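Worksheet: the structure to be examined is printed underneath.
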Amino acid sequence: MKFKDYYQTMGVEKSATPEDIKKAHRKLARKYHPDVSKEKDAEARFKELAEAYDVLKDPEKRAAYDQLGANYRAGQDFSPPPDWAGQQAHAGGFTGGGHGEHSEFFDSLFREMGNRERGQRQRTHEAFDMHGQDQHARIQINIEDSYLGATRTIDLRMPIETAEGRVQIQNCSIEFVIPKGIRAGQHIRLSAQGSPGMGSGSPGDLYLDVEFLPHPLYRTEGYDVSMDLPVSPWEAALGAEVEAPTPTGRVEVKIPAGSVAGRKLRLKGRGLPGSGAGSGRPAGDFYFVLQTSLPPATTDAEKQAYSDMAAAFKAFSPRSAIDTMDKTPESRV
């Protein structure tokens, strides 16, 4: 039996609100209704949408589906855990439509629960314990948060087990700490903040997957941080000392004479913070990437200054490297 991704069927994200799901179903149901649709697979698609909506519109069905299918993808081989239906019926049960209205996948998850709840099958259930599913959420933080550390709050829709043993989706605000030195691609683990376990099973964990918000000045590559530093032609040619910002404060930067655009000046250990002395990870480095900034020539004096420069550097060819590498025959444009 193959796993069905009901969110994919509905064309919504897993974080979709009930209103989002309702709107998506209304739109797609009109498109694929067999009485009006010209799509060749309209009837099959209409039934798939009805089944997906049957699950996602119901908070308890959706919570159970999310918990069980957190680690599955559409089309992947799937079978429910032992006594899954019995456990869910014990936790509150579900009802489905008549036989033949839903797929084998739906029946394996929900039909048996409805039958049990309606008393069509009677037997004693043994307790079934299951560790709760881990959950993931994406967070975006500022680069400065990695330098300094911070405490933040995230609002999520999470499965919660009620006092009656039912699983429901509720809005939760969770406070968490951003550790110093964390980088994009890593995650923050919040123990026991994932889906609730079944029976006496422990809750899963919540993993916050970290991304950096775009910054107007700084870029990151691993633990290193870089920034473009504009310099004038005379600062690059003659050398200079300029002041520039970093995430930990402004610093004096020495521009070596004869610098060219693209040259990197390194501040060792001024990248993302390390994880401590000894065997801990060292801090990254910070790089200033020099970029030549040309002043505008709007007045006669400024234009004359450029003319004088052109005369002084008459032998200089800014495209000499291109001419050396160009192997195409001569042609006129």
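The chains in the structure tokens are called A, B, ... from first to last as shown; in each chain the residues are counted from 1, and the ligands are counted from 1 in the order shown.
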
Long-range neighbours of Ser103 (chain A) as a count of residues only, 10 Å cut-off, only C-alpha atoms, 5 positions minimum in chain:
5

Based on the backbone DSSP call, show me all residues of region 219-306 of chain A assigned strand (DSSP E or B), as a PyMOL selection string.
chain A and resi 219-221+224-231+240-244+251-255+264-267+286-292

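Computed from the coordinates, the CA of Tyr32 (chain A) to CA of Leu109 (chain A) distance equals 25.5 Å.
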